[in-house]
file query_34.txt (compact mmCIF, C-alpha atoms and all ligand atoms)
# COMPACT_ATOMS: atom_id res chain seq x y z
CA MET A 213 -14.94 42.29 -14.08
CA ARG A 214 -12.01 40.83 -12.09
CA GLU A 215 -11.70 37.98 -14.61
CA LEU A 216 -11.68 40.48 -17.44
CA PHE A 217 -8.74 42.35 -16.02
CA ASP A 218 -6.88 39.09 -15.25
CA LYS A 219 -7.05 38.24 -18.94
CA THR A 220 -5.83 41.75 -19.69
CA GLN A 221 -2.61 40.98 -17.82
CA TRP A 222 -2.11 37.86 -19.98
CA ILE A 223 -2.64 39.98 -23.09
CA ARG A 224 -0.38 42.73 -21.76
CA ASP A 225 2.48 40.28 -21.33
CA GLN A 226 2.45 39.76 -25.10
CA PHE A 227 3.43 43.41 -25.73
CA PRO A 228 7.13 43.87 -24.95
CA VAL A 229 7.06 47.67 -25.21
CA LEU A 230 4.61 47.92 -22.32
CA LYS A 231 7.45 46.96 -19.95
CA ARG A 232 9.39 50.14 -20.68
CA LYS A 233 9.61 53.20 -18.50
CA VAL A 234 9.06 56.78 -19.61
CA HIS A 235 10.61 59.61 -17.56
CA GLY A 236 11.20 57.03 -14.82
CA HIS A 237 7.55 55.90 -14.71
CA PRO A 238 5.98 52.71 -16.05
CA LEU A 239 4.54 53.49 -19.48
CA VAL A 240 0.79 54.14 -19.52
CA TYR A 241 0.01 54.00 -23.22
CA LEU A 242 -3.32 55.64 -24.00
CA ASP A 243 -2.83 56.79 -27.59
CA ASN A 244 -4.31 53.69 -29.18
CA GLY A 245 -6.65 55.74 -31.36
CA ALA A 246 -3.55 57.02 -33.16
CA THR A 247 -1.78 53.69 -33.33
CA THR A 248 -1.63 50.51 -31.25
CA GLN A 249 1.42 48.71 -29.90
CA LYS A 250 2.51 45.39 -31.45
CA PRO A 251 2.25 41.93 -29.88
CA GLN A 252 5.20 39.53 -29.96
CA SER A 253 3.39 37.33 -32.50
CA VAL A 254 3.31 40.17 -35.06
CA ILE A 255 6.92 41.14 -34.35
CA ASP A 256 8.00 37.50 -34.71
CA ARG A 257 6.08 36.96 -37.94
CA VAL A 258 7.59 40.06 -39.56
CA THR A 259 11.08 39.16 -38.30
CA ARG A 260 10.81 35.60 -39.61
CA PHE A 261 9.66 36.79 -43.03
CA LEU A 262 12.48 39.32 -43.28
CA SER A 263 15.18 37.02 -41.98
CA GLU A 264 14.20 33.69 -43.56
CA GLU A 265 11.54 34.05 -46.24
CA TYR A 266 11.79 37.46 -47.89
CA SER A 267 11.19 37.83 -51.63
CA THR A 268 8.81 39.61 -53.97
CA VAL A 269 5.33 38.47 -55.02
CA HIS A 270 3.66 37.66 -58.35
CA ARG A 271 6.69 37.77 -60.63
CA GLY A 272 8.69 34.84 -59.39
CA VAL A 273 8.98 31.40 -60.93
CA TYR A 274 11.20 30.48 -58.00
CA LEU A 275 9.98 28.88 -54.78
CA MET A 276 10.52 31.79 -52.40
CA SER A 277 8.51 34.19 -54.56
CA GLN A 278 5.74 31.65 -54.89
CA GLU A 279 5.75 31.32 -51.10
CA SER A 280 5.55 35.11 -50.61
CA THR A 281 2.64 35.26 -53.05
CA GLU A 282 0.92 32.49 -51.15
CA PHE A 283 1.47 34.25 -47.80
CA CYS A 284 -0.07 37.48 -49.12
CA GLU A 285 -3.02 35.75 -50.77
CA THR A 286 -3.66 33.83 -47.56
CA VAL A 287 -3.82 37.14 -45.71
CA ARG A 288 -6.29 38.40 -48.33
CA SER A 289 -8.53 35.41 -47.57
CA THR A 290 -8.05 35.86 -43.82
CA ILE A 291 -9.13 39.51 -44.05
CA ALA A 292 -12.09 38.59 -46.28
CA ARG A 293 -13.24 36.14 -43.58
CA PHE A 294 -12.50 38.65 -40.80
CA VAL A 295 -14.84 41.29 -42.28
CA ASN A 296 -17.19 38.79 -43.97
CA ALA A 297 -16.48 39.97 -47.51
CA ARG A 298 -18.16 37.94 -50.27
CA ARG A 299 -14.86 36.84 -51.77
CA PRO A 300 -11.11 37.49 -51.30
CA GLU A 301 -11.01 39.65 -54.45
CA GLU A 302 -13.08 42.24 -52.57
CA VAL A 303 -10.01 42.91 -50.41
CA ILE A 304 -7.68 45.52 -51.92
CA PHE A 305 -4.36 46.13 -50.17
CA THR A 306 -3.53 49.82 -49.75
CA SER A 307 -1.07 51.73 -47.61
CA GLY A 308 -3.73 52.54 -44.99
CA THR A 309 -7.16 54.05 -44.37
CA THR A 310 -6.25 57.36 -45.97
CA ALA A 311 -5.08 55.62 -49.15
CA ALA A 312 -8.17 53.38 -49.14
CA ILE A 313 -10.57 56.34 -48.90
CA ASN A 314 -8.58 58.21 -51.57
CA LEU A 315 -8.73 55.18 -53.84
CA ALA A 316 -12.52 54.87 -53.47
CA ALA A 317 -13.04 58.63 -53.79
CA THR A 318 -10.87 58.97 -56.90
CA ALA A 319 -12.44 56.00 -58.67
CA LEU A 320 -15.98 57.12 -57.78
CA GLY A 321 -15.11 60.72 -58.69
CA LYS A 322 -14.10 59.59 -62.17
CA SER A 323 -17.14 57.45 -62.82
CA VAL A 324 -20.11 57.95 -60.50
CA VAL A 325 -20.14 61.54 -59.23
CA THR A 326 -21.60 64.09 -61.66
CA PRO A 327 -22.08 67.89 -61.73
CA GLY A 328 -25.03 68.75 -59.48
CA GLY A 329 -24.64 65.47 -57.59
CA GLU A 330 -24.32 65.40 -53.80
CA ILE A 331 -21.84 63.80 -51.43
CA VAL A 332 -22.90 63.51 -47.78
CA ILE A 333 -20.49 63.23 -44.85
CA THR A 334 -20.99 63.99 -41.13
CA GLN A 335 -19.68 66.61 -38.73
CA MET A 336 -17.56 64.00 -36.94
CA GLU A 337 -15.23 63.12 -39.80
CA HIS A 338 -11.46 62.72 -39.64
CA HIS A 339 -9.76 64.86 -42.29
CA ALA A 340 -9.12 61.65 -44.25
CA ASN A 341 -12.86 61.38 -44.83
CA ILE A 342 -13.36 65.08 -45.64
CA VAL A 343 -10.57 66.27 -47.90
CA PRO A 344 -10.76 63.51 -50.56
CA TRP A 345 -14.51 64.20 -50.96
CA GLN A 346 -13.89 67.95 -51.13
CA GLN A 347 -11.49 67.26 -53.97
CA VAL A 348 -14.03 65.06 -55.75
CA ALA A 349 -16.68 67.79 -55.36
CA LEU A 350 -14.25 70.39 -56.74
CA ALA A 351 -13.29 68.24 -59.71
CA THR A 352 -16.84 67.20 -60.63
CA GLY A 353 -19.03 70.16 -59.67
CA ALA A 354 -20.84 68.09 -57.04
CA THR A 355 -21.86 69.55 -53.65
CA LEU A 356 -20.49 68.33 -50.31
CA LYS A 357 -23.23 68.25 -47.66
CA ILE A 358 -22.61 67.83 -43.94
CA ALA A 359 -24.98 65.87 -41.71
CA PRO A 360 -25.07 67.29 -38.16
CA ILE A 361 -24.42 65.53 -34.86
CA MET A 362 -26.24 65.94 -31.54
CA PRO A 363 -24.55 67.50 -28.48
CA ASP A 364 -23.69 64.01 -27.11
CA GLY A 365 -21.77 63.21 -30.30
CA SER A 366 -24.21 60.85 -31.98
CA VAL A 367 -25.34 61.45 -35.53
CA ASP A 368 -28.71 63.23 -35.66
CA LEU A 369 -30.41 60.50 -37.67
CA GLU A 370 -33.48 62.57 -38.55
CA ALA A 371 -31.29 65.37 -39.89
CA PHE A 372 -29.10 62.77 -41.65
CA GLU A 373 -32.17 61.41 -43.41
CA ARG A 374 -33.21 64.93 -44.43
CA THR A 375 -29.72 65.52 -45.88
CA LEU A 376 -30.26 62.63 -48.31
CA THR A 377 -31.97 63.47 -51.60
CA PRO A 378 -32.38 61.79 -54.98
CA LYS A 379 -29.21 63.70 -55.97
CA THR A 380 -27.10 61.99 -53.27
CA GLN A 381 -24.48 59.87 -54.97
CA ILE A 382 -22.07 59.11 -52.13
CA VAL A 383 -22.52 58.87 -48.36
CA ALA A 384 -19.38 58.55 -46.24
CA PHE A 385 -19.11 58.32 -42.45
CA PRO A 386 -17.00 56.68 -39.74
CA HIS A 387 -17.82 53.39 -38.04
CA ILE A 388 -16.41 54.84 -34.80
CA SER A 389 -15.42 58.49 -34.27
CA ASN A 390 -11.74 58.92 -33.42
CA VAL A 391 -12.55 61.92 -31.19
CA LEU A 392 -15.95 61.18 -29.67
CA GLY A 393 -15.85 57.40 -29.48
CA THR A 394 -19.37 57.33 -30.96
CA VAL A 395 -20.21 53.96 -32.53
CA ASN A 396 -22.42 54.78 -35.50
CA PRO A 397 -25.37 52.56 -36.45
CA VAL A 398 -23.71 51.65 -39.75
CA ALA A 399 -26.38 49.25 -41.02
CA GLN A 400 -29.17 51.73 -40.26
CA MET A 401 -27.37 54.69 -41.85
CA THR A 402 -26.46 52.57 -44.87
CA ALA A 403 -30.08 51.46 -45.28
CA MET A 404 -31.16 55.13 -45.23
CA ALA A 405 -28.54 56.01 -47.84
CA LYS A 406 -29.66 53.10 -50.00
CA THR A 407 -33.24 54.44 -50.16
CA VAL A 408 -31.84 57.24 -52.37
CA GLY A 409 -29.50 54.87 -54.23
CA ALA A 410 -26.24 56.27 -52.80
CA ILE A 411 -22.93 54.43 -52.61
CA VAL A 412 -21.80 54.09 -48.98
CA VAL A 413 -18.17 54.39 -47.87
CA VAL A 414 -17.38 53.59 -44.24
CA ASP A 415 -14.21 54.87 -42.57
CA GLY A 416 -13.37 51.90 -40.38
CA ALA A 417 -10.03 53.18 -39.03
CA GLN A 418 -11.29 53.07 -35.44
CA GLY A 419 -13.91 50.39 -35.92
CA ILE A 420 -11.73 47.54 -37.07
CA ALA A 421 -9.99 46.82 -33.74
CA HIS A 422 -12.96 47.59 -31.49
CA HIS A 423 -16.00 45.99 -33.09
CA PRO A 424 -16.68 42.91 -35.18
CA VAL A 425 -17.11 44.00 -38.80
CA ASP A 426 -19.51 42.27 -41.18
CA VAL A 427 -19.60 44.26 -44.41
CA GLN A 428 -22.51 42.22 -45.74
CA ALA A 429 -24.64 42.80 -42.65
CA MET A 430 -23.67 46.49 -42.71
CA GLY A 431 -24.69 46.67 -46.36
CA CYS A 432 -22.00 49.24 -47.16
CA ASP A 433 -20.19 49.34 -50.50
CA PHE A 434 -16.75 50.14 -49.08
CA TYR A 435 -15.06 49.70 -45.69
CA CYS A 436 -11.57 51.18 -45.14
CA PHE A 437 -9.01 50.45 -42.42
CA SER A 438 -5.32 50.53 -41.42
CA ALA A 439 -3.31 47.64 -39.95
CA HIS A 440 -1.35 49.83 -37.54
CA LYS A 441 -4.47 50.62 -35.48
CA MET A 442 -5.20 46.89 -35.08
CA TYR A 443 -1.81 45.68 -33.72
CA GLY A 444 -0.26 45.33 -37.17
CA PRO A 445 2.51 47.22 -39.00
CA THR A 446 2.34 50.72 -40.45
CA GLY A 447 2.25 51.20 -44.22
CA VAL A 448 -0.57 48.78 -44.99
CA GLY A 449 -4.34 48.88 -44.93
CA VAL A 450 -7.36 47.65 -46.79
CA LEU A 451 -10.18 48.84 -48.99
CA VAL A 452 -12.94 46.26 -48.85
CA GLY A 453 -15.35 46.90 -51.71
CA ARG A 454 -18.35 45.23 -53.32
CA TYR A 455 -17.03 43.15 -56.22
CA ASP A 456 -19.71 44.02 -58.77
CA LEU A 457 -19.28 47.74 -58.10
CA MET A 458 -15.45 47.74 -58.07
CA ASP A 459 -15.44 45.70 -61.25
CA GLN A 460 -17.12 48.65 -63.00
CA LEU A 461 -14.81 51.34 -61.56
CA PRO A 462 -11.75 52.61 -63.42
CA PRO A 463 -8.26 52.00 -62.01
CA VAL A 464 -6.68 54.92 -60.20
CA GLN A 465 -2.97 54.15 -60.24
CA PHE A 466 -1.19 52.74 -63.25
CA GLY A 467 1.94 50.64 -63.66
CA GLY A 468 3.17 47.15 -62.98
CA ASP A 469 0.93 44.37 -61.63
CA MET A 470 -2.36 46.12 -62.50
CA ILE A 471 -2.23 45.37 -66.24
CA GLU A 472 -3.31 42.52 -68.44
CA THR A 473 -1.42 43.55 -71.61
CA VAL A 474 0.72 46.57 -72.50
CA THR A 475 1.83 47.87 -75.88
CA PHE A 476 3.21 51.33 -76.62
CA GLU A 477 -0.18 52.17 -78.09
CA LYS A 478 -2.50 50.96 -75.34
CA SER A 479 -2.91 48.86 -72.21
CA THR A 480 -5.64 46.66 -70.84
CA PHE A 481 -6.16 46.19 -67.15
CA ALA A 482 -6.15 43.19 -64.84
CA LYS A 483 -9.20 41.92 -63.00
CA LEU A 484 -9.82 42.59 -59.30
CA PRO A 485 -8.00 42.84 -56.99
CA ALA A 486 -4.86 43.48 -59.11
CA LYS A 487 -6.59 46.33 -61.02
CA PHE A 488 -6.33 48.49 -57.88
CA GLU A 489 -2.90 47.30 -56.69
CA ALA A 490 -0.33 48.91 -58.99
CA GLY A 491 3.31 48.35 -58.05
CA THR A 492 5.02 46.08 -55.55
CA PRO A 493 2.74 45.80 -52.50
CA PRO A 494 3.94 46.20 -48.90
CA ILE A 495 4.64 42.47 -48.69
CA THR A 496 6.20 42.35 -45.23
CA GLU A 497 3.47 44.55 -43.79
CA ILE A 498 0.67 42.51 -45.38
CA ILE A 499 2.10 39.40 -43.74
CA GLY A 500 2.34 41.26 -40.42
CA MET A 501 -1.30 42.35 -40.82
CA GLY A 502 -2.28 38.68 -41.16
CA ALA A 503 -0.62 37.95 -37.80
CA ALA A 504 -2.45 40.94 -36.30
CA VAL A 505 -5.83 39.51 -37.36
CA GLU A 506 -4.84 36.18 -35.79
CA PHE A 507 -3.94 38.04 -32.60
CA ILE A 508 -7.37 39.72 -32.46
CA GLU A 509 -9.08 36.40 -33.12
CA SER A 510 -7.04 34.74 -30.37
CA ILE A 511 -8.50 37.24 -27.89
CA GLY A 512 -12.07 37.06 -29.20
CA TRP A 513 -14.75 39.71 -29.63
CA ASN A 514 -16.55 38.85 -26.38
CA TYR A 515 -13.49 39.84 -24.43
CA ILE A 516 -12.72 42.88 -26.59
CA LEU A 517 -16.24 44.32 -26.32
CA GLY A 518 -16.54 43.54 -22.59
CA HIS A 519 -13.15 44.98 -21.77
CA ASP A 520 -13.81 48.11 -23.86
CA GLN A 521 -16.95 48.93 -21.86
CA ALA A 522 -15.42 47.96 -18.49
CA ILE A 523 -12.34 50.15 -18.91
CA LEU A 524 -14.45 53.00 -20.32
CA ASN A 525 -16.80 52.97 -17.34
CA TYR A 526 -13.94 52.66 -14.87
CA ALA A 527 -12.07 55.63 -16.38
CA LEU A 528 -15.23 57.75 -16.70
CA ALA A 529 -16.13 57.14 -13.04
CA GLY A 530 -12.63 58.29 -12.07
CA LEU A 531 -12.78 61.39 -14.26
CA GLU A 532 -15.96 62.45 -12.47
CA THR A 533 -13.92 62.90 -9.30
CA ILE A 534 -11.62 65.48 -10.90
CA PRO A 535 -13.04 69.00 -10.86
CA GLY A 536 -13.35 71.04 -14.05
CA ILE A 537 -13.35 68.26 -16.62
CA GLN A 538 -15.73 68.55 -19.56
CA LEU A 539 -16.26 65.43 -21.66
CA ILE A 540 -16.57 65.82 -25.43
CA GLY A 541 -18.62 62.88 -26.69
CA THR A 542 -20.99 61.02 -24.39
CA ALA A 543 -23.13 59.03 -26.83
CA PRO A 544 -24.73 55.88 -25.39
CA GLY A 545 -22.79 52.70 -26.23
CA LYS A 546 -19.66 54.65 -27.15
CA SER A 547 -16.26 53.03 -27.47
CA ALA A 548 -13.35 53.54 -25.04
CA ILE A 549 -12.12 56.78 -26.58
CA ILE A 550 -12.43 59.63 -24.09
CA SER A 551 -11.97 63.22 -25.22
CA PHE A 552 -12.12 66.02 -22.70
CA VAL A 553 -11.00 69.53 -21.84
CA MET A 554 -9.95 70.82 -18.43
CA ASP A 555 -11.08 74.23 -17.17
CA GLY A 556 -8.24 76.73 -17.17
CA VAL A 557 -5.59 74.44 -18.67
CA HIS A 558 -4.57 74.21 -22.30
CA PRO A 559 -4.71 70.61 -23.60
CA HIS A 560 -1.05 70.82 -24.65
CA ASP A 561 -0.02 71.66 -21.07
CA VAL A 562 -2.05 68.68 -19.85
CA GLY A 563 -0.34 66.43 -22.41
CA THR A 564 3.13 67.62 -21.39
CA ILE A 565 2.52 67.10 -17.68
CA LEU A 566 0.99 63.68 -18.31
CA ASP A 567 4.03 62.71 -20.37
CA MET A 568 6.31 63.56 -17.42
CA GLU A 569 4.26 61.00 -15.45
CA GLY A 570 4.72 58.36 -18.16
CA VAL A 571 1.16 58.76 -19.48
CA ALA A 572 0.94 58.98 -23.29
CA VAL A 573 -2.25 60.65 -24.52
CA ARG A 574 -2.99 62.60 -27.67
CA VAL A 575 -3.70 66.32 -27.45
CA GLY A 576 -4.75 68.53 -30.35
CA HIS A 577 -7.47 68.54 -32.97
CA HIS A 578 -7.04 64.83 -33.80
CA CYS A 579 -7.26 65.56 -37.55
CA ALA A 580 -10.84 66.70 -37.01
CA GLN A 581 -10.64 70.50 -37.09
CA PRO A 582 -14.26 70.99 -38.22
CA LEU A 583 -15.45 68.86 -35.28
CA MET A 584 -13.43 71.03 -32.87
CA GLY A 585 -15.39 73.97 -34.34
CA VAL A 586 -18.69 72.19 -33.63
CA TYR A 587 -17.75 71.92 -29.93
CA ASP A 588 -16.10 75.35 -29.95
CA VAL A 589 -12.79 74.08 -28.56
CA PRO A 590 -9.36 74.49 -30.17
CA ALA A 591 -8.21 71.06 -29.06
CA THR A 592 -9.00 68.22 -26.67
CA ILE A 593 -7.10 65.70 -24.57
CA ARG A 594 -7.83 62.19 -25.80
CA ALA A 595 -7.25 59.00 -23.85
CA SER A 596 -7.96 56.02 -26.12
CA PHE A 597 -7.86 52.55 -24.61
CA SER A 598 -6.98 49.17 -26.02
CA VAL A 599 -7.16 45.50 -25.06
CA TYR A 600 -3.97 45.71 -22.99
CA ASN A 601 -4.97 48.67 -20.83
CA THR A 602 -5.69 47.85 -17.20
CA GLU A 603 -7.41 49.55 -14.29
CA SER A 604 -3.96 50.61 -13.19
CA ASP A 605 -3.42 52.43 -16.51
CA ALA A 606 -6.67 54.31 -15.87
CA ASP A 607 -5.47 55.02 -12.31
CA GLY A 608 -2.18 56.34 -13.74
CA LEU A 609 -4.12 58.72 -15.99
CA LEU A 610 -6.32 59.86 -13.12
CA SER A 611 -3.51 60.50 -10.66
CA ALA A 612 -1.55 62.42 -13.32
CA LEU A 613 -4.65 64.53 -14.00
CA GLN A 614 -4.98 65.18 -10.25
CA LYS A 615 -1.45 66.60 -10.39
CA VAL A 616 -2.43 68.83 -13.33
CA ARG A 617 -5.43 70.05 -11.33
CA HIS A 618 -3.17 70.73 -8.38
CA TYR A 619 -0.72 72.84 -10.49
CA PHE A 620 -3.57 74.79 -12.10
CA GLN A 621 -5.87 75.41 -9.09
N1 LIG B 701 -10.06 57.89 -40.11
C1 LIG B 701 -10.08 57.87 -38.77
C2 LIG B 701 -11.39 57.87 -38.05
C3 LIG B 701 -8.86 57.83 -38.08
O1 LIG B 701 -8.88 57.81 -36.74
C4 LIG B 701 -7.65 57.84 -38.81
C5 LIG B 701 -6.35 57.87 -38.11
O2 LIG B 701 -6.21 58.45 -37.05
C6 LIG B 701 -7.70 57.84 -40.20
C7 LIG B 701 -8.93 57.88 -40.83
C8 LIG B 701 -6.47 57.82 -41.04
O3 LIG B 701 -5.77 56.62 -40.84
P1 LIG B 701 -4.30 56.43 -41.47
O4 LIG B 701 -3.50 57.60 -40.97
O5 LIG B 701 -3.84 55.13 -40.90
O6 LIG B 701 -4.45 56.42 -42.94

call {"tool": "encode", "arguments": {"input": "query_34.txt", "output": "structure tokens", "more": "lines below"}}
Ligand code: PLP
result
Amino acid sequence: MRELFDKTQWIRDQFPVLKRKVHGHPLVYLDNGATTQKPQSVIDRVTRFLSEEYSTVHRGVYLMSQESTEFCETVRSTIARFVNARRPEEVIFTSGTTAAINLAATALGKSVVTPGGEIVITQMEHHANIVPWQQVALATGATLKIAPIMPDGSVDLEAFERTLTPKTQIVAFPHISNVLGTVNPVAQMTAMAKTVGAIVVVDGAQGIAHHPVDVQAMGCDFYCFSAHKMYGPTGVGVLVGRYDLMDQLPPVQFGGDMIETVTFEKSTFAKLPAKFEAGTPPITEIIGMGAAVEFIESIGWNYILGHDQAILNYALAGLETIPGIQLIGTAPGKSAIISFVMDGVHPHDVGTILDMEGVAVRVGHHCAQPLMGVYDVPATIRASFSVYNTESDADGLLSALQKVRHYFQ
């Protein structure tokens, strides 16, 4: 345990922003579920590209454009290795998780989903994995079905299985819940969905920085994530999809880079991955995302998984000492995302008082309004931890919460 937290200090030193003060207090940054801070290596890589190497991709006969293309394609291969995709062409660059899910949903909505078909999601979804499927159901005449969760925040697997029928065409669920911290058994749920022949889309927004991802072992057809939640820049993310399936799907956005030939009468489309990447990609951000993957790999999954559980247990033990706290999401093996409510205090008041102590947490519905309804709360306080959070960050949270308790006796 001690060794774990010593390494955390070494990691922490790589994040310049963590040295700043907020309202006169050292920053305690616990909103990593929303977005993570950036290590110096990512900042440096982006700065170097913008100051010394910047140019567009694909269209250039000149050296700098060829270099930019090479940088981006190297990142594609790096990501393919990182998530164990079958080939780099299975990696589609998008602007983030939301765009990746929308891309999959729109393409599947145009080609796979039919009237009377069924799309299954769970009660724990982020809006990004609800609304696109609602739109597909509306456009196609399919039905959206919701698989329930248990009180501890794990998916009720028996009920999930019962939700699946021969009419199920799509099953979509998160790898890790952004509110509950539940780590879903992706391979098991995917195997269940496959018994009825459904296509499986995994929302990996929270999974990608917290758990090793192996899309082949998971068996899913799509895995979606954002770079900004894994120490990379905003504005870029990935849709990883099975090549043979994506090859059959129609393009969703049309324009430059995604075509093979264009005449005024008709156009033909490029092969994967270009077919799904219309327009100039977020070149700088893609390159930054590559540095973010290297950062994660430099830390290693053993450390990440060990630290996640150690900081979770430390913070949970501390929370037990504060009266009137109700945890939302207690599934076994959960990730270090802690949602809770405090008796007699509105989450927004908690968030404001914590901010005055330099503690940044998220309060609200966390883009999961239906899930708030399941737990019958309007909002929660969410402390989400990352590789650079220390015991002293958890102590900062706990002592700020003690103050809240004191004000609202
Ligand atoms: N899905 C989950 C589980 C999330 O936590 C988030 C972001 O909070 C998203 C999807 C959407 O990610 P982005 O806003 O980066 O597209």

call {"tool": "residues_near_ligand", "arguments": {"input": "query_34.txt", "ligand": "ligand LIG 701 (chain B)", "cutoff": "7 Å", "atoms": "only C-alpha atoms and all ligand atoms", "output": "PDB file with C-alpha atoms, in the frame of the given file"}}
result
ATOM      1  CA  GLY A 245      -6.650  55.740 -31.360  1.00  0.00           C
ATOM      2  CA  ALA A 246      -3.550  57.020 -33.160  1.00  0.00           C
ATOM      3  CA  GLY A 308      -3.730  52.540 -44.990  1.00  0.00           C
ATOM      4  CA  THR A 309      -7.160  54.050 -44.370  1.00  0.00           C
ATOM      5  CA  THR A 310      -6.250  57.360 -45.970  1.00  0.00           C
ATOM      6  CA  ALA A 311      -5.080  55.620 -49.150  1.00  0.00           C
ATOM      7  CA  GLU A 337     -15.230  63.120 -39.800  1.00  0.00           C
ATOM      8  CA  HIS A 338     -11.460  62.720 -39.640  1.00  0.00           C
ATOM      9  CA  ALA A 340      -9.120  61.650 -44.250  1.00  0.00           C
ATOM     10  CA  ASN A 341     -12.860  61.380 -44.830  1.00  0.00           C
ATOM     11  CA  PRO A 386     -17.000  56.680 -39.740  1.00  0.00           C
ATOM     12  CA  ILE A 388     -16.410  54.840 -34.800  1.00  0.00           C
ATOM     13  CA  SER A 389     -15.420  58.490 -34.270  1.00  0.00           C
ATOM     14  CA  ASN A 390     -11.740  58.920 -33.420  1.00  0.00           C
ATOM     15  CA  ASP A 415     -14.210  54.870 -42.570  1.00  0.00           C
ATOM     16  CA  GLY A 416     -13.370  51.900 -40.380  1.00  0.00           C
ATOM     17  CA  ALA A 417     -10.030  53.180 -39.030  1.00  0.00           C
ATOM     18  CA  GLN A 418     -11.290  53.070 -35.440  1.00  0.00           C
ATOM     19  CA  SER A 438      -5.320  50.530 -41.420  1.00  0.00           C
ATOM     20  CA  HIS A 440      -1.350  49.830 -37.540  1.00  0.00           C
TER      21      HIS A 440
END

call {"tool": "residues_near_point", "arguments": {"input": "query_34.txt", "point": "(-21.4, 65.4, -44.0)", "cutoff": "12 Å", "atoms": "all atoms listed in the file", "output": "MDAnalysis selection string"}}
result
chainID A and resid 330:339 341:343 345:346 355:361 367:368 371:376 380 382:386 582:583

call {"tool": "atom_distance", "arguments": {"input": "query_34.txt", "atom1": "atom CA of A:Gly468", "atom2": "atom CA of A:Ala486"}}
result
9.6 Å

call {"tool": "residues_near_point", "arguments": {"input": "query_34.txt", "point": "(9.8, 34.7, -48.4)", "cutoff": "7 Å", "atoms": "all atoms listed in the file", "output": "list in words"}}
result
Phe261, Glu264, Glu265, Tyr266, Ser267, Met276, Ser277, Glu279 and Ser280 of chain A

call {"tool": "residues_around", "arguments": {"input": "query_34.txt", "residues": "A:Val408", "least_positions_apart": "3", "cutoff": "9 Å", "atoms": "only C-alpha atoms", "output": "list in words"}}
result
Leu376, Thr377, Pro378, Lys379, Thr380, Gln381, Met404 and Ala405 of chain A

call {"tool": "write_last_selection", "arguments": {"input": "query_34.txt", "atoms": "C-alpha atoms", "output": "mmCIF file, keeping the file's coordinate frame"}}
result
data_model
loop_
_atom_site.group_PDB
_atom_site.id
_atom_site.type_symbol
_atom_site.label_atom_id
_atom_site.label_comp_id
_atom_site.auth_asym_id
_atom_site.auth_seq_id
_atom_site.Cartn_x
_atom_site.Cartn_y
_atom_site.Cartn_z
ATOM 1 C CA LEU A 376 -30.260 62.630 -48.310
ATOM 2 C CA THR A 377 -31.970 63.470 -51.600
ATOM 3 C CA PRO A 378 -32.380 61.790 -54.980
ATOM 4 C CA LYS A 379 -29.210 63.700 -55.970
ATOM 5 C CA THR A 380 -27.100 61.990 -53.270
ATOM 6 C CA GLN A 381 -24.480 59.870 -54.970
ATOM 7 C CA MET A 404 -31.160 55.130 -45.230
ATOM 8 C CA ALA A 405 -28.540 56.010 -47.840
#

call {"tool": "closest_residue", "arguments": {"input": "query_34.txt", "among": "A:Tyr435, A:Tyr526, A:Tyr600, A:Phe488", "to": "A:Ala292", "atoms": "all atoms listed in the file"}}
result
A:Tyr435

call {"tool": "closest_atom_pairs", "arguments": {"input": "query_34.txt", "of": "stretch 320-429 of chain A", "to": "stretch 298-306 of chain A", "cutoff": "12 Å", "atoms": "all atoms listed in the file", "output": "JSON lines"}}
result
{"residue": "A:Asp426", "atom": "CA", "partner": "A:Arg298", "partner_atom": "CA", "distance": 10.2}
{"residue": "A:Val427", "atom": "CA", "partner": "A:Arg298", "partner_atom": "CA", "distance": 8.7}
{"residue": "A:Gln428", "atom": "CA", "partner": "A:Arg298", "partner_atom": "CA", "distance": 7.6}
{"residue": "A:Ala429", "atom": "CA", "partner": "A:Arg298", "partner_atom": "CA", "distance": 11.1}
